[in-house]
>>> print(open('structure25.pdb').read())   # PDB, C-alpha atoms, pLDDT in the B column
MODEL        1
ATOM      1  CA  MET A 432       4.500 -27.348  49.459  1.00 71.00           C
ATOM      2  CA  THR A 433       3.873 -27.577  53.199  1.00 85.00           C
ATOM      3  CA  SER A 434       0.447 -28.581  54.485  1.00 96.00           C
ATOM      4  CA  HIS A 435      -1.158 -26.809  57.455  1.00 97.00           C
ATOM      5  CA  PHE A 436      -4.067 -27.137  59.829  1.00 97.00           C
ATOM      6  CA  PHE A 437      -5.087 -24.484  62.350  1.00 96.00           C
ATOM      7  CA  TRP A 438      -4.764 -24.850  66.141  1.00 94.00           C
ATOM      8  CA  ASN A 439      -6.722 -22.167  68.004  1.00 91.00           C
ATOM      9  CA  GLY A 440      -6.433 -20.009  64.877  1.00 92.00           C
ATOM     10  CA  GLU A 441      -2.674 -20.453  64.352  1.00 95.00           C
ATOM     11  CA  PRO A 442      -1.285 -22.481  61.415  1.00 97.00           C
ATOM     12  CA  VAL A 443       0.581 -25.684  62.261  1.00 97.00           C
ATOM     13  CA  ALA A 444       2.611 -27.474  59.581  1.00 98.00           C
ATOM     14  CA  PHE A 445       2.333 -31.231  59.241  1.00 97.00           C
ATOM     15  CA  GLN A 446       3.941 -33.970  57.202  1.00 95.00           C
ATOM     16  CA  PRO A 447       2.021 -36.539  55.134  1.00 94.00           C
ATOM     17  CA  GLY A 448       0.670 -39.329  57.344  1.00 94.00           C
ATOM     18  CA  GLU A 449       1.314 -37.434  60.577  1.00 95.00           C
ATOM     19  CA  THR A 450      -1.317 -37.353  63.302  1.00 95.00           C
ATOM     20  CA  ILE A 451      -2.660 -34.108  64.707  1.00 95.00           C
ATOM     21  CA  ALA A 452      -0.924 -34.790  68.041  1.00 94.00           C
ATOM     22  CA  ALA A 453       2.430 -35.526  66.400  1.00 94.00           C
ATOM     23  CA  ALA A 454       2.301 -32.278  64.425  1.00 96.00           C
ATOM     24  CA  LEU A 455       1.309 -30.282  67.508  1.00 94.00           C
ATOM     25  CA  LEU A 456       4.115 -31.820  69.560  1.00 92.00           C
ATOM     26  CA  ARG A 457       6.643 -31.160  66.796  1.00 94.00           C
ATOM     27  CA  ALA A 458       5.445 -27.525  66.788  1.00 95.00           C
ATOM     28  CA  GLY A 459       6.101 -27.320  70.534  1.00 92.00           C
ATOM     29  CA  ILE A 460       2.439 -27.512  71.557  1.00 89.00           C
ATOM     30  CA  ALA A 461       1.990 -30.086  74.322  1.00 84.00           C
ATOM     31  CA  ASP A 462      -0.898 -28.530  76.258  1.00 79.00           C
ATOM     32  CA  LEU A 463      -4.090 -29.391  74.398  1.00 80.00           C
ATOM     33  CA  GLY A 464      -6.248 -27.531  76.881  1.00 71.00           C
ATOM     34  CA  ARG A 465      -7.167 -30.382  79.197  1.00 60.00           C
ATOM     35  CA  SER A 466      -4.152 -30.105  81.468  1.00 54.00           C
ATOM     36  CA  GLY A 467      -5.999 -28.838  84.532  1.00 54.00           C
ATOM     37  CA  ASP A 468      -3.368 -28.162  87.170  1.00 51.00           C
ATOM     38  CA  VAL A 469      -0.611 -30.267  85.561  1.00 51.00           C
ATOM     39  CA  PRO A 470       2.436 -27.979  85.157  1.00 52.00           C
ATOM     40  CA  GLY A 471       3.584 -27.811  81.524  1.00 52.00           C
ATOM     41  CA  GLY A 472       0.492 -29.622  80.250  1.00 54.00           C
ATOM     42  CA  ARG A 473      -0.613 -33.225  80.254  1.00 58.00           C
ATOM     43  CA  VAL A 474       1.416 -36.038  78.737  1.00 62.00           C
ATOM     44  CA  PHE A 475      -0.996 -38.272  76.846  1.00 68.00           C
ATOM     45  CA  CYS A 476      -0.744 -41.988  76.086  1.00 77.00           C
ATOM     46  CA  GLY A 477      -0.528 -41.786  72.271  1.00 78.00           C
ATOM     47  CA  ILE A 478      -2.925 -44.709  71.709  1.00 81.00           C
ATOM     48  CA  GLY A 479      -6.340 -43.147  72.406  1.00 79.00           C
ATOM     49  CA  ALA A 480      -6.889 -44.798  75.793  1.00 80.00           C
ATOM     50  CA  CYS A 481      -6.495 -41.821  78.148  1.00 79.00           C
ATOM     51  CA  GLN A 482      -8.610 -39.278  76.216  1.00 80.00           C
ATOM     52  CA  GLY A 483      -6.094 -36.572  77.192  1.00 80.00           C
ATOM     53  CA  CYS A 484      -5.663 -35.549  73.562  1.00 87.00           C
ATOM     54  CA  VAL A 485      -9.334 -35.002  72.639  1.00 89.00           C
ATOM     55  CA  VAL A 486      -9.676 -31.731  70.729  1.00 91.00           C
ATOM     56  CA  ALA A 487     -12.532 -29.744  69.211  1.00 91.00           C
ATOM     57  CA  VAL A 488     -12.975 -29.792  65.431  1.00 92.00           C
ATOM     58  CA  ALA A 489     -14.827 -26.956  63.683  1.00 91.00           C
ATOM     59  CA  GLY A 490     -18.050 -28.334  62.223  1.00 88.00           C
ATOM     60  CA  ALA A 491     -17.526 -31.880  63.512  1.00 89.00           C
ATOM     61  CA  ALA A 492     -17.377 -34.013  66.636  1.00 90.00           C
ATOM     62  CA  PRO A 493     -14.278 -33.891  68.856  1.00 91.00           C
ATOM     63  CA  VAL A 494     -11.472 -36.298  67.928  1.00 93.00           C
ATOM     64  CA  GLU A 495      -8.517 -37.993  69.594  1.00 92.00           C
ATOM     65  CA  ALA A 496      -5.547 -36.049  68.227  1.00 93.00           C
ATOM     66  CA  CYS A 497      -3.162 -38.983  68.716  1.00 92.00           C
ATOM     67  CA  LEU A 498      -5.237 -41.216  66.407  1.00 94.00           C
ATOM     68  CA  THR A 499      -6.489 -38.712  63.820  1.00 95.00           C
ATOM     69  CA  PRO A 500      -4.428 -37.972  60.711  1.00 97.00           C
ATOM     70  CA  ALA A 501      -3.794 -34.280  60.108  1.00 97.00           C
ATOM     71  CA  SER A 502      -5.464 -32.834  57.032  1.00 96.00           C
ATOM     72  CA  GLU A 503      -5.109 -29.608  55.096  1.00 97.00           C
ATOM     73  CA  GLY A 504      -7.150 -26.691  56.427  1.00 95.00           C
ATOM     74  CA  LEU A 505      -8.569 -28.546  59.440  1.00 95.00           C
ATOM     75  CA  ARG A 506      -9.603 -26.111  62.185  1.00 95.00           C
ATOM     76  CA  LEU A 507      -8.981 -27.425  65.697  1.00 94.00           C
ATOM     77  CA  GLY A 508      -8.982 -26.062  69.204  1.00 92.00           C
ATOM     78  CA  SER A 509      -9.015 -26.832  72.884  1.00 87.00           C
ATOM     79  CA  LEU A 510     -12.179 -28.242  74.389  1.00 83.00           C
ATOM     80  CA  PRO A 511     -13.782 -26.238  77.201  1.00 69.00           C
ATOM     81  CA  ALA A 512     -12.673 -27.320  80.652  1.00 41.00           C
ATOM     82  CA  ILE A 513     -14.923 -29.796  82.411  1.00 39.00           C
ATOM     83  CA  GLY A 514     -17.544 -27.870  84.361  1.00 35.00           C
ATOM     84  CA  ALA A 515     -17.152 -24.760  82.213  1.00 39.00           C
ATOM     85  CA  ASP A 516     -20.215 -22.638  81.602  1.00 41.00           C
ATOM     86  CA  HIS A 517     -21.666 -23.597  78.210  1.00 39.00           C
ATOM     87  CA  ALA A 518     -24.338 -20.854  78.131  1.00 36.00           C
TER      88      ALA A 518
ENDMDL
END
>>> encode(input="structure25.pdb", output="structure tokens")
Amino acid sequence: MTSHFFWNGEPVAFQPGETIAAALLRAGIADLGRSGDVPGGRVFCGIGACQGCVVAVAGAAPVEACLTPASEGLRLGSLPAIGADHA
């Protein structure tokens, strides 16, 4: 049985022990919504130092996708762009 979490409402399969970022990259998703004007999305460090992989988690605080293990049913999405209207 394949496990899934949801990225912006779409299911993403992951393997046991895989991080959120690894599963997203394997699924062809490299732009986590904080790419700004970087063509093709931002390449992040993979060790939590650059904060380029921080994603929103439904019902919880944002997490670093490169350090956070994927878990069944997790609902994730892009953070709003810096300076976005939060009204």
>>> resolve_selection(input="structure25.pdb", expression="the PyMOL selection byres ((chain A and resi 463) around 7)", output="short mmCIF file (atom, residue, chain, number, x, y, z; two decimals) with C-alpha atoms, in the coordinates of the input")
data_model
loop_
_atom_site.label_atom_id
_atom_site.label_comp_id
_atom_site.auth_asym_id
_atom_site.auth_seq_id
_atom_site.Cartn_x
_atom_site.Cartn_y
_atom_site.Cartn_z
CA ALA A 461 1.99 -30.09 74.32
CA ASP A 462 -0.90 -28.53 76.26
CA GLY A 464 -6.25 -27.53 76.88
CA ARG A 465 -7.17 -30.38 79.20
CA CYS A 484 -5.66 -35.55 73.56
CA SER A 509 -9.02 -26.83 72.88
#
>>> resolve_selection(input="structure25.pdb", expression="the PyMOL selection byres ((chain A and resi 491) around 12)", output="PDB file with C-alpha atoms, keeping the file's coordinate frame")
ATOM      1  CA  VAL A 486      -9.676 -31.731  70.729  1.00 91.00           C
ATOM      2  CA  ALA A 487     -12.532 -29.744  69.211  1.00 91.00           C
ATOM      3  CA  VAL A 488     -12.975 -29.792  65.431  1.00 92.00           C
ATOM      4  CA  ALA A 489     -14.827 -26.956  63.683  1.00 91.00           C
ATOM      5  CA  GLY A 490     -18.050 -28.334  62.223  1.00 88.00           C
ATOM      6  CA  ALA A 492     -17.377 -34.013  66.636  1.00 90.00           C
ATOM      7  CA  PRO A 493     -14.278 -33.891  68.856  1.00 91.00           C
ATOM      8  CA  VAL A 494     -11.472 -36.298  67.928  1.00 93.00           C
ATOM      9  CA  LEU A 505      -8.569 -28.546  59.440  1.00 95.00           C
ATOM     10  CA  ARG A 506      -9.603 -26.111  62.185  1.00 95.00           C
ATOM     11  CA  LEU A 507      -8.981 -27.425  65.697  1.00 94.00           C
ATOM     12  CA  GLY A 508      -8.982 -26.062  69.204  1.00 92.00           C
TER      13      GLY A 508
END
>>> residues_near_point(input="structure25.pdb", point="(-1.7, -29.3, 54.7)", cutoff="10 Å", atoms="all atoms listed in the file", output="mmCIF file with C-alpha atoms, in the frame of the given file")
data_model
loop_
_atom_site.group_PDB
_atom_site.id
_atom_site.type_symbol
_atom_site.label_atom_id
_atom_site.label_comp_id
_atom_site.auth_asym_id
_atom_site.auth_seq_id
_atom_site.Cartn_x
_atom_site.Cartn_y
_atom_site.Cartn_z
ATOM 1 C CA MET A 432 4.500 -27.348 49.459
ATOM 2 C CA THR A 433 3.873 -27.577 53.199
ATOM 3 C CA SER A 434 0.447 -28.581 54.485
ATOM 4 C CA HIS A 435 -1.158 -26.809 57.455
ATOM 5 C CA PHE A 436 -4.067 -27.137 59.829
ATOM 6 C CA PHE A 437 -5.087 -24.484 62.350
ATOM 7 C CA PRO A 442 -1.285 -22.481 61.415
ATOM 8 C CA VAL A 443 0.581 -25.684 62.261
ATOM 9 C CA ALA A 444 2.611 -27.474 59.581
ATOM 10 C CA PHE A 445 2.333 -31.231 59.241
ATOM 11 C CA GLN A 446 3.941 -33.970 57.202
ATOM 12 C CA PRO A 447 2.021 -36.539 55.134
ATOM 13 C CA ALA A 501 -3.794 -34.280 60.108
ATOM 14 C CA SER A 502 -5.464 -32.834 57.032
ATOM 15 C CA GLU A 503 -5.109 -29.608 55.096
ATOM 16 C CA GLY A 504 -7.150 -26.691 56.427
ATOM 17 C CA LEU A 505 -8.569 -28.546 59.440
#
>>> atom_distance(input="structure25.pdb", atom1="atom CA of Gly459 of chain A", atom2="atom CA of Cys497 of chain A")
15.0 Å
>>> atom_distance(input="structure25.pdb", atom1="atom CA of Ala453 of chain A", atom2="atom CA of Val485 of chain A")
13.3 Å
>>> atom_distance(input="structure25.pdb", atom1="atom CA of Trp438 of chain A", atom2="atom CA of Leu455 of chain A")
8.3 Å
>>> axis_aligned_box(input="structure25.pdb", around="segment 485-501 of chain A", padding_each_side="3 Å", output="JSON")
{"center_x": -10.6, "center_y": -34.1, "center_z": 66.4, "size_x": 20.9, "size_y": 20.3, "size_z": 18.5}
>>> build_atoms(input="structure25.pdb", residues="segment 447-458 of chain A", atoms="all heavy atoms", output="PDB file, keeping the file's coordinate frame")
ATOM      1  N   PRO A 447       2.978 -35.518  55.570  1.00 94.00           N
ATOM      2  CA  PRO A 447       2.021 -36.539  55.134  1.00 94.00           C
ATOM      3  C   PRO A 447       2.012 -37.734  56.080  1.00 94.00           C
ATOM      4  O   PRO A 447       3.062 -38.222  56.506  1.00 94.00           O
ATOM      5  CB  PRO A 447       2.547 -36.953  53.752  1.00 94.00           C
ATOM      6  CG  PRO A 447       3.329 -35.775  53.273  1.00 94.00           C
ATOM      7  CD  PRO A 447       3.935 -35.168  54.520  1.00 94.00           C
ATOM      8  N   GLY A 448       0.825 -38.175  56.473  1.00 94.00           N
ATOM      9  CA  GLY A 448       0.670 -39.329  57.344  1.00 94.00           C
ATOM     10  C   GLY A 448       0.811 -39.033  58.819  1.00 94.00           C
ATOM     11  O   GLY A 448       0.638 -39.923  59.649  1.00 94.00           O
ATOM     12  N   GLU A 449       1.110 -37.804  59.176  1.00 95.00           N
ATOM     13  CA  GLU A 449       1.314 -37.434  60.577  1.00 95.00           C
ATOM     14  C   GLU A 449      -0.035 -37.220  61.272  1.00 95.00           C
ATOM     15  O   GLU A 449      -0.971 -36.716  60.673  1.00 95.00           O
ATOM     16  CB  GLU A 449       2.136 -36.145  60.618  1.00 95.00           C
ATOM     17  CG  GLU A 449       2.717 -35.800  61.944  1.00 95.00           C
ATOM     18  CD  GLU A 449       3.737 -34.684  61.837  1.00 95.00           C
ATOM     19  OE1 GLU A 449       3.552 -33.726  61.066  1.00 95.00           O
ATOM     20  OE2 GLU A 449       4.743 -34.794  62.553  1.00 95.00           O
ATOM     21  N   THR A 450      -0.104 -37.609  62.534  1.00 95.00           N
ATOM     22  CA  THR A 450      -1.317 -37.353  63.302  1.00 95.00           C
ATOM     23  C   THR A 450      -1.339 -35.896  63.756  1.00 95.00           C
ATOM     24  O   THR A 450      -0.306 -35.209  63.769  1.00 95.00           O
ATOM     25  CB  THR A 450      -1.426 -38.256  64.548  1.00 95.00           C
ATOM     26  OG1 THR A 450      -0.363 -37.926  65.442  1.00 95.00           O
ATOM     27  CG2 THR A 450      -1.428 -39.734  64.182  1.00 95.00           C
ATOM     28  N   ILE A 451      -2.515 -35.458  64.172  1.00 95.00           N
ATOM     29  CA  ILE A 451      -2.660 -34.108  64.707  1.00 95.00           C
ATOM     30  C   ILE A 451      -1.735 -33.926  65.909  1.00 95.00           C
ATOM     31  O   ILE A 451      -1.008 -32.934  66.009  1.00 95.00           O
ATOM     32  CB  ILE A 451      -4.123 -33.836  65.098  1.00 95.00           C
ATOM     33  CG1 ILE A 451      -5.009 -33.824  63.853  1.00 95.00           C
ATOM     34  CG2 ILE A 451      -4.259 -32.537  65.887  1.00 95.00           C
ATOM     35  CD1 ILE A 451      -6.500 -33.915  64.155  1.00 95.00           C
ATOM     36  N   ALA A 452      -1.749 -34.895  66.829  1.00 94.00           N
ATOM     37  CA  ALA A 452      -0.924 -34.790  68.041  1.00 94.00           C
ATOM     38  C   ALA A 452       0.556 -34.726  67.707  1.00 94.00           C
ATOM     39  O   ALA A 452       1.291 -33.930  68.298  1.00 94.00           O
ATOM     40  CB  ALA A 452      -1.198 -35.966  68.978  1.00 94.00           C
ATOM     41  N   ALA A 453       1.017 -35.529  66.770  1.00 94.00           N
ATOM     42  CA  ALA A 453       2.430 -35.526  66.400  1.00 94.00           C
ATOM     43  C   ALA A 453       2.833 -34.169  65.839  1.00 94.00           C
ATOM     44  O   ALA A 453       3.901 -33.638  66.174  1.00 94.00           O
ATOM     45  CB  ALA A 453       2.723 -36.637  65.392  1.00 94.00           C
ATOM     46  N   ALA A 454       1.998 -33.592  64.997  1.00 96.00           N
ATOM     47  CA  ALA A 454       2.301 -32.278  64.425  1.00 96.00           C
ATOM     48  C   ALA A 454       2.311 -31.201  65.503  1.00 96.00           C
ATOM     49  O   ALA A 454       3.185 -30.325  65.511  1.00 96.00           O
ATOM     50  CB  ALA A 454       1.292 -31.932  63.338  1.00 96.00           C
ATOM     51  N   LEU A 455       1.350 -31.260  66.424  1.00 94.00           N
ATOM     52  CA  LEU A 455       1.309 -30.282  67.508  1.00 94.00           C
ATOM     53  C   LEU A 455       2.554 -30.401  68.386  1.00 94.00           C
ATOM     54  O   LEU A 455       3.175 -29.389  68.727  1.00 94.00           O
ATOM     55  CB  LEU A 455       0.040 -30.459  68.347  1.00 94.00           C
ATOM     56  CG  LEU A 455      -1.257 -30.022  67.686  1.00 94.00           C
ATOM     57  CD1 LEU A 455      -2.452 -30.479  68.513  1.00 94.00           C
ATOM     58  CD2 LEU A 455      -1.295 -28.514  67.476  1.00 94.00           C
ATOM     59  N   LEU A 456       2.930 -31.624  68.729  1.00 92.00           N
ATOM     60  CA  LEU A 456       4.115 -31.820  69.560  1.00 92.00           C
ATOM     61  C   LEU A 456       5.379 -31.333  68.853  1.00 92.00           C
ATOM     62  O   LEU A 456       6.231 -30.696  69.462  1.00 92.00           O
ATOM     63  CB  LEU A 456       4.256 -33.288  69.955  1.00 92.00           C
ATOM     64  CG  LEU A 456       3.249 -33.781  70.988  1.00 92.00           C
ATOM     65  CD1 LEU A 456       3.350 -35.299  71.141  1.00 92.00           C
ATOM     66  CD2 LEU A 456       3.454 -33.089  72.317  1.00 92.00           C
ATOM     67  N   ARG A 457       5.482 -31.615  67.566  1.00 94.00           N
ATOM     68  CA  ARG A 457       6.643 -31.160  66.796  1.00 94.00           C
ATOM     69  C   ARG A 457       6.706 -29.640  66.751  1.00 94.00           C
ATOM     70  O   ARG A 457       7.777 -29.036  66.717  1.00 94.00           O
ATOM     71  CB  ARG A 457       6.610 -31.746  65.380  1.00 94.00           C
ATOM     72  CG  ARG A 457       7.913 -31.661  64.651  1.00 94.00           C
ATOM     73  CD  ARG A 457       7.938 -32.459  63.366  1.00 94.00           C
ATOM     74  NE  ARG A 457       6.721 -32.446  62.587  1.00 94.00           N
ATOM     75  CZ  ARG A 457       6.277 -31.420  61.870  1.00 94.00           C
ATOM     76  NH1 ARG A 457       6.946 -30.300  61.854  1.00 94.00           N
ATOM     77  NH2 ARG A 457       5.165 -31.506  61.180  1.00 94.00           N
ATOM     78  N   ALA A 458       5.522 -28.992  66.792  1.00 95.00           N
ATOM     79  CA  ALA A 458       5.445 -27.525  66.788  1.00 95.00           C
ATOM     80  C   ALA A 458       5.632 -26.934  68.185  1.00 95.00           C
ATOM     81  O   ALA A 458       5.540 -25.722  68.363  1.00 95.00           O
ATOM     82  CB  ALA A 458       4.103 -27.088  66.206  1.00 95.00           C
TER      83      ALA A 458
END
